[in-house]
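Raw contents of target_3.cif, mmCIF, C-alpha atoms and all ligand atoms:
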```
data_upload
loop_
_atom_site.label_atom_id
_atom_site.label_comp_id
_atom_site.auth_asym_id
_atom_site.auth_seq_id
_atom_site.Cartn_x
_atom_site.Cartn_y
_atom_site.Cartn_z
CA MET A 1 0.00 0.00 0.00
CA LYS A 2 1.32 3.46 -0.84
CA PHE A 3 1.28 6.08 1.90
CA THR A 4 -0.71 9.23 1.48
CA PRO A 5 0.65 12.24 3.38
CA THR A 6 -2.09 11.93 6.02
CA GLN A 7 -1.50 8.25 6.78
CA THR A 8 0.70 7.01 9.59
CA PRO A 9 2.50 3.65 9.17
CA ILE A 10 0.57 1.30 11.46
CA HIS A 11 3.71 -0.55 12.63
CA SER A 12 5.16 2.79 13.82
CA VAL A 13 2.37 3.29 16.34
CA THR A 14 2.55 2.53 20.07
CA LEU A 15 -0.35 1.30 22.21
CA PRO A 16 -0.86 4.65 24.03
CA GLU A 17 -0.89 6.48 20.67
CA LEU A 18 -3.39 4.07 19.18
CA SER A 19 -5.58 4.28 22.29
CA ALA A 20 -5.63 8.08 21.99
CA LYS A 21 -6.58 7.89 18.33
CA LEU A 22 -9.34 5.35 18.99
CA SER A 23 -10.82 7.35 21.85
CA GLU A 24 -10.93 10.33 19.44
CA LEU A 25 -13.00 8.08 17.20
CA GLY A 26 -15.33 7.37 20.15
CA GLN A 27 -14.17 3.76 20.58
CA PRO A 28 -14.00 1.84 23.87
CA ALA A 29 -10.56 1.45 25.47
CA TYR A 30 -10.16 -2.29 24.71
CA ARG A 31 -10.16 -1.71 20.94
CA ALA A 32 -6.52 -0.59 20.83
CA LYS A 33 -5.42 -3.87 22.45
CA GLN A 34 -7.53 -5.80 19.94
CA VAL A 35 -5.78 -4.06 17.05
CA MET A 36 -2.34 -4.77 18.56
CA GLU A 37 -3.28 -8.44 18.93
CA TRP A 38 -4.15 -8.56 15.26
CA LEU A 39 -0.87 -6.90 14.34
CA TYR A 40 1.59 -8.73 16.58
CA LEU A 41 -0.05 -11.99 17.71
CA LYS A 42 -2.02 -12.90 14.62
CA ARG A 43 0.29 -10.96 12.31
CA ALA A 44 -2.56 -9.47 10.24
CA ARG A 45 -1.46 -7.72 7.08
CA SER A 46 -4.61 -5.64 6.49
CA PHE A 47 -7.41 -4.07 8.48
CA ALA A 48 -9.86 -6.19 6.50
CA GLU A 49 -8.61 -9.26 8.40
CA MET A 50 -9.56 -7.73 11.76
CA THR A 51 -13.00 -9.32 11.73
CA ASN A 52 -13.92 -8.61 15.36
CA LEU A 53 -13.80 -4.84 14.71
CA PRO A 54 -16.92 -3.04 13.45
CA ALA A 55 -16.76 -2.38 9.70
CA ALA A 56 -17.03 1.39 10.20
CA LEU A 57 -14.02 1.34 12.52
CA ARG A 58 -11.99 -0.67 10.00
CA SER A 59 -12.71 2.00 7.38
CA SER A 60 -11.65 4.78 9.77
CA LEU A 61 -8.43 2.89 10.54
CA GLU A 62 -7.77 2.38 6.84
CA ALA A 63 -8.09 6.11 6.28
CA ALA A 64 -5.72 6.99 9.13
CA PHE A 65 -3.06 4.25 8.94
CA ALA A 66 -1.19 2.34 6.26
CA PHE A 67 0.48 -1.07 6.20
CA ASP A 68 3.95 -0.67 4.77
CA SER A 69 4.97 -2.88 1.92
CA LEU A 70 8.35 -4.50 2.33
CA GLU A 71 8.49 -6.37 -0.91
CA PRO A 72 11.06 -9.18 -0.96
CA VAL A 73 13.16 -8.69 -4.08
CA ARG A 74 15.67 -11.43 -3.48
CA THR A 75 16.46 -14.03 -0.82
CA LEU A 76 19.87 -15.69 -0.61
CA GLY A 77 20.60 -18.87 1.34
CA SER A 78 18.09 -21.33 2.74
CA GLY A 79 17.49 -24.06 5.31
CA ASP A 80 19.86 -23.87 8.22
CA THR A 81 22.28 -21.44 6.62
CA THR A 82 22.29 -17.69 6.88
CA ARG A 83 19.52 -16.11 4.87
CA LYS A 84 19.81 -12.67 3.40
CA PHE A 85 16.70 -10.73 2.37
CA LEU A 86 16.65 -7.74 0.07
CA PHE A 87 13.49 -5.66 0.53
CA ARG A 88 12.08 -2.91 -1.67
CA LEU A 89 10.31 -0.15 0.28
CA HIS A 90 7.27 1.86 -0.85
CA ASP A 91 9.49 4.55 -2.46
CA GLY A 92 11.65 2.01 -4.29
CA SER A 93 14.56 2.12 -1.80
CA LEU A 94 16.36 -1.18 -1.16
CA ILE A 95 17.38 -2.45 2.28
CA GLU A 96 18.92 -5.68 3.59
CA THR A 97 17.97 -7.91 6.49
CA VAL A 98 19.97 -11.01 7.45
CA LEU A 99 18.74 -14.03 9.42
CA ILE A 100 21.45 -16.03 11.19
CA PRO A 101 20.25 -19.40 12.47
CA ALA A 102 21.27 -21.12 15.69
CA SER A 103 25.00 -21.57 15.70
CA PRO A 104 26.64 -23.85 18.29
CA ALA A 105 30.08 -22.66 17.20
CA LEU A 106 29.13 -19.08 17.92
CA TYR A 107 26.83 -19.35 20.91
CA GLY A 108 27.67 -22.72 22.48
CA GLU A 109 26.13 -26.21 22.29
CA GLY A 110 22.37 -26.34 22.53
CA SER A 111 21.91 -22.67 21.72
CA ASP A 112 18.69 -21.93 19.88
CA ARG A 113 19.54 -18.32 19.19
CA ARG A 114 18.16 -17.09 15.89
CA THR A 115 19.47 -13.61 15.21
CA LEU A 116 18.13 -11.02 12.81
CA CYS A 117 20.48 -8.34 11.55
CA ILE A 118 18.35 -5.25 10.87
CA SER A 119 18.95 -2.09 8.79
CA SER A 120 18.18 1.33 10.27
CA GLN A 121 18.78 3.61 7.25
CA VAL A 122 18.93 3.49 3.46
CA GLY A 123 22.66 3.92 2.85
CA CYS A 124 24.88 5.52 5.47
CA ALA A 125 26.35 9.00 5.86
CA PHE A 126 29.36 7.97 7.95
CA GLY A 127 31.47 6.71 5.10
CA CYS A 128 33.74 4.21 6.85
CA LYS A 129 36.31 3.37 4.20
CA PHE A 130 35.90 -0.41 4.38
CA CYS A 131 32.10 -0.61 4.35
CA ALA A 132 29.70 -1.29 1.47
CA SER A 133 26.74 0.44 3.13
CA GLY A 134 28.13 3.93 2.76
CA LEU A 135 29.51 3.55 -0.77
CA ASN A 136 26.54 5.26 -2.41
CA GLY A 137 26.09 7.77 0.40
CA PHE A 138 23.02 8.30 2.52
CA SER A 139 19.45 8.31 1.18
CA ARG A 140 17.11 8.46 4.14
CA ASN A 141 16.21 7.25 7.61
CA LEU A 142 13.88 4.28 7.97
CA HIS A 143 10.75 4.95 9.97
CA ALA A 144 9.94 2.68 12.91
CA GLY A 145 7.36 0.72 10.90
CA GLU A 146 10.00 -0.23 8.33
CA ILE A 147 12.29 -1.45 11.10
CA VAL A 148 9.56 -3.47 12.83
CA GLY A 149 8.48 -4.62 9.35
CA GLN A 150 11.88 -6.26 8.73
CA PHE A 151 11.32 -8.43 11.81
CA LEU A 152 7.75 -9.38 10.84
CA LYS A 153 8.64 -10.10 7.20
CA ALA A 154 11.71 -12.17 8.06
CA GLU A 155 9.62 -14.34 10.42
CA GLN A 156 6.87 -14.63 7.84
CA ILE A 157 9.15 -15.64 4.96
CA SER A 158 11.40 -17.97 6.96
CA GLY A 159 8.70 -19.48 9.17
CA GLU A 160 11.18 -19.17 12.06
CA LYS A 161 10.82 -17.45 15.39
CA ILE A 162 13.53 -14.85 15.85
CA ASN A 163 14.76 -14.40 19.40
CA ASN A 164 17.65 -11.97 19.03
CA ILE A 165 18.11 -8.81 16.98
CA VAL A 166 21.17 -6.74 16.17
CA PHE A 167 21.21 -3.32 14.50
CA MET A 168 24.15 -4.29 12.31
CA GLY A 169 22.58 -3.97 8.89
CA MET A 170 22.78 -0.91 6.72
CA GLY A 171 23.02 2.49 8.39
CA GLU A 172 24.05 4.03 11.68
CA PRO A 173 21.22 3.35 14.16
CA LEU A 174 22.21 6.10 16.58
CA SER A 175 21.90 8.76 13.88
CA ASN A 176 18.25 7.65 13.40
CA PHE A 177 17.81 7.67 17.16
CA ASP A 178 14.11 8.44 17.63
CA GLU A 179 12.79 5.97 15.05
CA VAL A 180 15.17 3.23 16.21
CA ILE A 181 14.09 3.69 19.84
CA ARG A 182 10.43 3.74 18.80
CA ALA A 183 10.90 0.51 16.83
CA ILE A 184 12.70 -1.07 19.78
CA GLU A 185 9.84 -0.07 22.12
CA ILE A 186 7.37 -1.76 19.78
CA ILE A 187 9.51 -4.88 19.41
CA ASN A 188 10.08 -5.03 23.18
CA ALA A 189 6.54 -4.25 24.41
CA SER A 190 4.28 -6.99 25.77
CA TRP A 191 1.51 -5.67 23.46
CA GLY A 192 4.04 -5.74 20.57
CA VAL A 193 6.50 -8.44 19.58
CA GLY A 194 7.54 -9.10 23.20
CA LEU A 195 11.29 -9.56 22.69
CA GLY A 196 13.39 -8.86 25.81
CA ALA A 197 15.67 -5.80 25.74
CA ARG A 198 18.68 -8.00 26.54
CA HIS A 199 18.10 -9.72 23.21
CA ILE A 200 18.40 -6.43 21.31
CA THR A 201 21.84 -5.06 20.40
CA VAL A 202 22.50 -1.61 18.98
CA SER A 203 25.78 -1.28 17.09
CA THR A 204 27.38 2.12 16.57
CA SER A 205 30.45 3.45 14.82
CA GLY A 206 30.98 5.75 17.81
CA LEU A 207 28.49 8.65 18.12
CA ALA A 208 29.57 9.56 21.65
CA PRO A 209 26.69 11.93 22.57
CA ARG A 210 24.11 9.43 21.31
CA ILE A 211 25.74 6.64 23.34
CA ARG A 212 25.10 8.84 26.39
CA ASP A 213 21.49 9.32 25.25
CA LEU A 214 21.14 5.56 24.92
CA ALA A 215 22.55 5.16 28.44
CA ALA A 216 19.77 7.46 29.68
CA GLN A 217 17.07 5.24 28.14
CA PRO A 218 15.28 2.95 30.57
CA LEU A 219 15.68 -0.18 28.40
CA GLN A 220 18.55 -2.60 29.13
CA LEU A 221 19.66 -2.72 25.50
CA ARG A 222 23.00 -4.23 24.62
CA LEU A 223 25.61 -1.98 23.06
CA ALA A 224 28.24 -2.93 20.48
CA VAL A 225 30.85 -0.39 19.45
CA SER A 226 32.58 -0.70 16.09
CA LEU A 227 36.11 0.16 17.15
CA HIS A 228 38.21 -1.19 14.27
CA GLY A 229 41.23 0.81 15.42
CA ALA A 230 42.76 1.03 18.89
CA THR A 231 44.40 4.44 18.35
CA ASP A 232 43.18 7.72 16.86
CA GLU A 233 45.79 7.38 14.15
CA VAL A 234 44.34 4.11 12.85
CA ARG A 235 40.69 5.05 13.42
CA ASN A 236 41.11 8.38 11.60
CA GLN A 237 42.46 6.53 8.62
CA ILE A 238 39.39 4.32 8.12
CA MET A 239 36.53 5.94 10.07
CA PRO A 240 35.83 9.64 9.43
CA VAL A 241 33.50 9.65 12.48
CA ASN A 242 36.62 9.50 14.67
CA ARG A 243 37.59 13.06 13.72
CA ARG A 244 34.30 14.27 15.16
CA TRP A 245 34.41 12.09 18.30
CA PRO A 246 37.96 10.83 18.91
CA LEU A 247 38.72 7.78 21.02
CA ALA A 248 39.00 9.61 24.34
CA GLU A 249 35.48 10.99 23.95
CA LEU A 250 34.10 7.72 22.65
CA LEU A 251 35.56 5.72 25.54
CA ASP A 252 34.23 8.21 28.11
CA ALA A 253 30.74 7.74 26.66
CA CYS A 254 31.22 3.95 26.83
CA ASP A 255 32.28 4.28 30.48
CA GLU A 256 29.02 6.11 31.15
CA TYR A 257 27.00 3.41 29.39
CA VAL A 258 28.67 0.65 31.39
CA ALA A 259 28.26 2.53 34.68
CA ARG A 260 24.58 3.32 34.16
CA LYS A 261 23.50 0.00 32.67
CA LYS A 262 25.76 -2.22 34.74
CA GLN A 263 26.36 -4.48 31.79
CA ARG A 264 29.25 -5.44 29.55
CA ILE A 265 29.50 -3.92 26.13
CA THR A 266 31.07 -5.49 23.05
CA LEU A 267 33.88 -3.99 21.00
CA GLU A 268 33.76 -5.01 17.36
CA PHE A 269 37.12 -5.17 15.62
CA ILE A 270 37.31 -6.18 11.97
CA LEU A 271 40.80 -7.30 11.03
CA ILE A 272 42.10 -5.55 7.91
CA GLU A 273 45.49 -6.52 6.54
CA GLY A 274 48.20 -3.94 7.12
CA ILE A 275 45.77 -1.43 8.64
CA ASN A 276 44.83 -2.54 12.14
CA ASP A 277 46.22 -6.07 12.50
CA SER A 278 49.58 -5.28 14.11
CA LEU A 279 50.60 -6.65 17.49
CA GLU A 280 50.74 -3.07 18.83
CA GLN A 281 47.08 -2.60 17.90
CA ALA A 282 46.26 -5.88 19.64
CA ALA A 283 47.99 -4.72 22.83
CA GLU A 284 46.22 -1.37 22.77
CA LEU A 285 42.85 -2.98 22.01
CA GLY A 286 43.35 -5.30 24.98
CA ARG A 287 44.10 -2.32 27.21
CA ILE A 288 40.91 -0.52 26.10
CA ALA A 289 38.80 -3.63 26.62
CA ARG A 290 40.15 -4.15 30.11
CA ARG A 291 39.45 -0.54 31.05
CA LEU A 292 35.82 -0.97 29.91
CA GLU A 293 35.60 -4.60 31.04
CA ALA A 294 34.27 -5.19 27.55
CA LYS A 295 34.16 -8.30 25.39
CA ILE A 296 36.01 -8.14 22.08
CA ASN A 297 34.62 -9.59 18.87
CA CYS A 298 37.23 -9.86 16.14
CA ILE A 299 35.91 -10.43 12.63
CA PRO A 300 38.21 -11.10 9.69
CA TYR A 301 37.41 -8.46 7.07
CA ASN A 302 34.98 -9.54 4.40
CA PRO A 303 36.25 -8.11 1.09
CA VAL A 304 33.92 -5.69 -0.70
CA GLN A 305 33.92 -5.48 -4.48
CA GLY A 306 35.51 -2.21 -5.55
CA LEU A 307 37.40 -1.67 -2.27
CA GLU A 308 41.09 -2.42 -1.82
CA TRP A 309 41.07 -3.79 1.75
CA LYS A 310 42.07 -7.38 2.44
CA ARG A 311 41.55 -9.96 5.14
CA PRO A 312 44.81 -10.88 6.93
CA SER A 313 46.18 -14.42 6.53
CA LEU A 314 45.14 -17.02 9.12
CA ARG A 315 48.65 -16.91 10.57
CA ARG A 316 48.42 -13.17 11.10
CA GLN A 317 44.93 -13.45 12.58
CA ASP A 318 46.24 -16.06 15.04
CA ALA A 319 49.18 -13.86 16.02
CA PHE A 320 46.82 -10.95 16.64
CA MET A 321 44.54 -13.10 18.80
CA ALA A 322 47.49 -14.47 20.76
CA ALA A 323 48.74 -10.94 21.49
CA LEU A 324 45.24 -9.95 22.55
CA GLU A 325 44.97 -12.92 24.89
CA ARG A 326 48.27 -12.00 26.52
CA THR A 327 46.65 -8.76 27.70
CA GLY A 328 44.08 -10.78 29.65
CA ALA A 329 41.18 -9.38 27.63
CA ASP A 330 38.10 -11.48 26.82
CA ALA A 331 38.26 -11.89 23.05
CA THR A 332 36.78 -14.19 20.42
CA ILE A 333 37.19 -14.36 16.68
CA ARG A 334 34.21 -15.10 14.45
CA ARG A 335 35.27 -17.11 11.48
CA GLU A 336 31.92 -18.59 10.50
CA LYS A 337 30.80 -18.23 6.96
CA GLY A 338 27.32 -17.01 7.82
CA VAL A 339 28.73 -14.42 10.12
CA ASP A 340 30.85 -13.10 7.29
CA ILE A 341 27.66 -12.40 5.44
CA GLN A 342 26.15 -10.70 8.46
CA ALA A 343 29.16 -8.46 8.86
CA ALA A 344 28.98 -7.56 5.24
CA CYS A 345 25.54 -6.02 5.29
CA GLY A 346 25.18 -3.57 2.43
CA GLN A 347 26.85 -5.83 -0.10
CA LEU A 348 23.75 -7.48 -1.53
CA ARG A 349 22.12 -4.13 -2.17
CA LEU A 350 25.31 -2.95 -3.79
CA GLN A 351 25.38 -5.97 -6.06
CA VAL A 352 21.74 -5.56 -7.10
CA SER A 353 22.10 -1.85 -7.78
CA GLN A 354 25.22 -2.54 -9.88
CA GLU A 355 23.24 -5.13 -11.86
CA SER A 356 20.42 -2.69 -12.50
CA ASP A 357 22.96 -0.02 -13.50
CA LYS A 358 24.24 -2.50 -16.08
CA THR A 359 20.73 -3.20 -17.36
CA ALA A 360 20.00 0.51 -17.53
CA SER A 361 23.11 1.34 -19.55
N1 LIG B 401 26.70 1.60 11.60
C1 LIG B 401 26.79 0.66 12.65
C2 LIG B 401 26.03 -0.63 12.40
C3 LIG B 401 26.11 -1.22 11.04
S1 LIG B 401 27.63 -1.96 10.52
C4 LIG B 401 28.23 0.36 12.96
O1 LIG B 401 29.09 0.76 12.20
O2 LIG B 401 28.48 -0.23 14.00
C5 LIG B 401 27.72 -3.49 11.43
C6 LIG B 401 29.14 -3.98 11.58
O3 LIG B 401 29.65 -4.54 10.34
C7 LIG B 401 30.11 -2.89 11.99
O4 LIG B 401 30.94 -3.33 13.02
C8 LIG B 401 30.87 -2.68 10.69
O5 LIG B 401 32.07 -2.04 10.93
C9 LIG B 401 30.98 -4.07 10.16
N2 LIG B 401 31.37 -4.16 8.74
C10 LIG B 401 31.09 -3.29 7.75
N3 LIG B 401 31.65 -3.71 6.59
C11 LIG B 401 32.28 -4.87 6.86
C12 LIG B 401 33.04 -5.80 6.07
N4 LIG B 401 33.21 -5.61 4.78
N5 LIG B 401 33.57 -6.88 6.69
C13 LIG B 401 33.35 -7.08 8.01
N6 LIG B 401 32.65 -6.26 8.79
C14 LIG B 401 32.12 -5.15 8.23
FE1 LIG B 402 27.91 3.33 8.26
FE2 LIG B 402 28.47 1.45 10.10
FE3 LIG B 402 29.18 1.11 7.50
FE4 LIG B 402 30.44 2.93 9.01
S1 LIG B 402 30.44 0.69 9.31
S2 LIG B 402 29.69 3.24 6.89
S3 LIG B 402 28.79 3.68 10.29
S4 LIG B 402 27.12 1.24 8.32
#
```

Could you spell out this file's structure in structure tokens?
Ligand code: SAH
Ligand code: SF4
Amino acid sequence: MKFTPTQTPIHSVTLPELSAKLSELGQPAYRAKQVMEWLYLKRARSFAEMTNLPAALRSSLEAAFAFDSLEPVRTLGSGDTTRKFLFRLHDGSLIETVLIPASPALYGEGSDRRTLCISSQVGCAFGCKFCASGLNGFSRNLHAGEIVGQFLKAEQISGEKINNIVFMGMGEPLSNFDEVIRAIEIINASWGVGLGARHITVSTSGLAPRIRDLAAQPLQLRLAVSLHGATDEVRNQIMPVNRRWPLAELLDACDEYVARKKQRITLEFILIEGINDSLEQAAELGRIARRLEAKINCIPYNPVQGLEWKRPSLRRQDAFMAALERTGADATIRREKGVDIQAACGQLRLQVSQESDKTAS
């Protein structure tokens, strides 16, 4: 369904907001809960399905709210492997969502964790030099309904129940703060999807003031920080965001997050040959992690077509990990194939847009 300027995306709406709207329409208080049950328990995809609502109310709802269309354009992978979905939004924008199935190697034997990697923006304005998501610049923020919609559509298409989400798809979630928080509230709420805050991870490239804002939020969300360099010198080289908020400022904001939430954060560190994989970087990374009492996730770089960066050899990766371990820091390296795809969000969209460029020319 296409939006008209007066229509609000229905999956962007909270229970109190819907209750207010329905009382304006002269409806009893329990109606809002009924609508939410249709949306999040029964997963209705139109107001027409909501058969226990009076027909006149359904028409009023149809006039005020729209169901967003996330149209699956392509799905890669199947069965118990990582599945990658490419969705087309109502304005033609393309976004990616990745479903990572239970992985004993990653989460331990018997784990039934099914993680969804969600996009928060179309493109990205932060322009990290190694990343596919920012290659074509920034187009727009996603609204909350498009974020919640990725969850609902991924469950619908895969037939799986997702019990963990990470904002590690396309975009910088903390620069779309309000819509990301709104989506998280809807996903977390008992009247919504009902997923616990501890199963929701927000990943940021280091927007220090927004990390403090996140720390002030009541929800116990998990925080992952994309460090990728243990000194300003290295970070400046590959992450322009570091010039705005250098390491000292970033780490102070992380300290605040840890102190207020009383939980461990994760430092993401992709290993790029000759850039950040030296033993000195490992020692410094270990020092930072110990100061924050953070976990470190090392991820061998996943090459992006058109970019010059390389993944270090296995020998070099091992040497880096050994140096890290000597610092006493808590570090793991993720070498799984599926996880490579997760880390490389933005690449499928890139590939499809290059294909359509070819067809167009
Ligand atoms: N903007 C946020 C979240 C999206 S990126 C952030 O930067 O944290 C999710 C993670 O994937 C980040 O840690 C990012 O640095 C990493 N990533 C991006 N491109 C990658 C690649 N080609 N190989 C491995 N990891 C990559
Ligand atoms: Fe944007 Fe994150 Fe990619 Fe950097 S790593 S360009 S912040 S999506």

Go through chain A residue by residue and, counting all atoms listed in the file, keep those with an atom at most 8 Å from ligand LIG 402 (chain B); for each kept residue give the shortest atom pair and its distance in Å to one decimal, ordered by chain and increasing number, as JSON lines.
```
{"residue": "A:Gly123", "atom": "CA", "partner": "B:LIG402", "partner_atom": "S4", "distance": 7.5}
{"residue": "A:Cys124", "atom": "CA", "partner": "B:LIG402", "partner_atom": "FE1", "distance": 4.7}
{"residue": "A:Ala125", "atom": "CA", "partner": "B:LIG402", "partner_atom": "FE1", "distance": 6.4}
{"residue": "A:Phe126", "atom": "CA", "partner": "B:LIG402", "partner_atom": "S2", "distance": 4.9}
{"residue": "A:Gly127", "atom": "CA", "partner": "B:LIG402", "partner_atom": "S2", "distance": 4.3}
{"residue": "A:Cys128", "atom": "CA", "partner": "B:LIG402", "partner_atom": "FE4", "distance": 4.1}
{"residue": "A:Lys129", "atom": "CA", "partner": "B:LIG402", "partner_atom": "S2", "distance": 7.1}
{"residue": "A:Phe130", "atom": "CA", "partner": "B:LIG402", "partner_atom": "S1", "distance": 7.4}
{"residue": "A:Cys131", "atom": "CA", "partner": "B:LIG402", "partner_atom": "FE3", "distance": 4.6}
{"residue": "A:Ala132", "atom": "CA", "partner": "B:LIG402", "partner_atom": "FE3", "distance": 6.5}
{"residue": "A:Ser133", "atom": "CA", "partner": "B:LIG402", "partner_atom": "FE3", "distance": 5.0}
{"residue": "A:Gly134", "atom": "CA", "partner": "B:LIG402", "partner_atom": "S2", "distance": 4.5}
{"residue": "A:Leu135", "atom": "CA", "partner": "B:LIG402", "partner_atom": "S2", "distance": 7.7}
{"residue": "A:Met168", "atom": "CA", "partner": "B:LIG402", "partner_atom": "S4", "distance": 7.4}
{"residue": "A:Gly169", "atom": "CA", "partner": "B:LIG402", "partner_atom": "S4", "distance": 6.9}
{"residue": "A:Met170", "atom": "CA", "partner": "B:LIG402", "partner_atom": "S4", "distance": 5.1}
{"residue": "A:Gly171", "atom": "CA", "partner": "B:LIG402", "partner_atom": "S4", "distance": 4.3}
{"residue": "A:Glu172", "atom": "CA", "partner": "B:LIG402", "partner_atom": "S3", "distance": 5.0}
{"residue": "A:Ser203", "atom": "CA", "partner": "B:LIG402", "partner_atom": "FE2", "distance": 8.0}
{"residue": "A:Thr204", "atom": "CA", "partner": "B:LIG402", "partner_atom": "FE2", "distance": 6.6}
{"residue": "A:Ser205", "atom": "CA", "partner": "B:LIG402", "partner_atom": "S3", "distance": 4.8}
{"residue": "A:Ser226", "atom": "CA", "partner": "B:LIG402", "partner_atom": "S1", "distance": 7.2}
{"residue": "A:Met239", "atom": "CA", "partner": "B:LIG402", "partner_atom": "FE4", "distance": 6.9}
{"residue": "A:Val241", "atom": "CA", "partner": "B:LIG402", "partner_atom": "S3", "distance": 7.9}
{"residue": "A:Gly346", "atom": "CA", "partner": "B:LIG402", "partner_atom": "S4", "distance": 7.8}
```

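Distances to Arg113 in chain A were evaluated for A:Leu195, A:Ala144, A:Ile270, A:Ile162 using all atoms listed in the file, and the minimum falls at A:Ile162.
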
**Prompt:** When distances are computed from all atoms listed in the file, which of A:Arg244, A:Arg291, A:Arg311, A:Arg31 shows the smallest separation from ligand LIG 401 (chain B)?
**Reply:** A:Arg311

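Distances here use all atoms listed in the file; by that measure, the residue among A:Leu70, A:Ala189, A:Ala64, A:Ile299 closest to ligand LIG 401 (chain B) is A:Ile299.
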
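The shortest atom-to-atom distance to Ile165 in chain A, with only C-alpha atoms taken into account, belongs to A:Pro101 out of A:Pro209, A:Pro72, A:Pro101, A:Gly145.
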
**Request:** Find the residues near Arg198 in chain A: any atom within 10 Å, counting all atoms listed in the file, skip ones fewer than 3 places away on the same chain, and give them as a PyMOL selection string.
**Result:** chain A and resi 164-165+188+195+201+219-223+263

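If only C-alpha atoms are the atoms counted, then among A:Asp232, A:Asp330, A:Glu71, A:Asp318 the closest residue to Ile265 in chain A is A:Asp330.
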
**Asked** Taking into account all atoms listed in the file, which residue in the set A:Ala259, A:Thr97, A:Asp178, A:Glu284 is nearest to ligand LIG 401 (chain B)?
**Response** A:Thr97
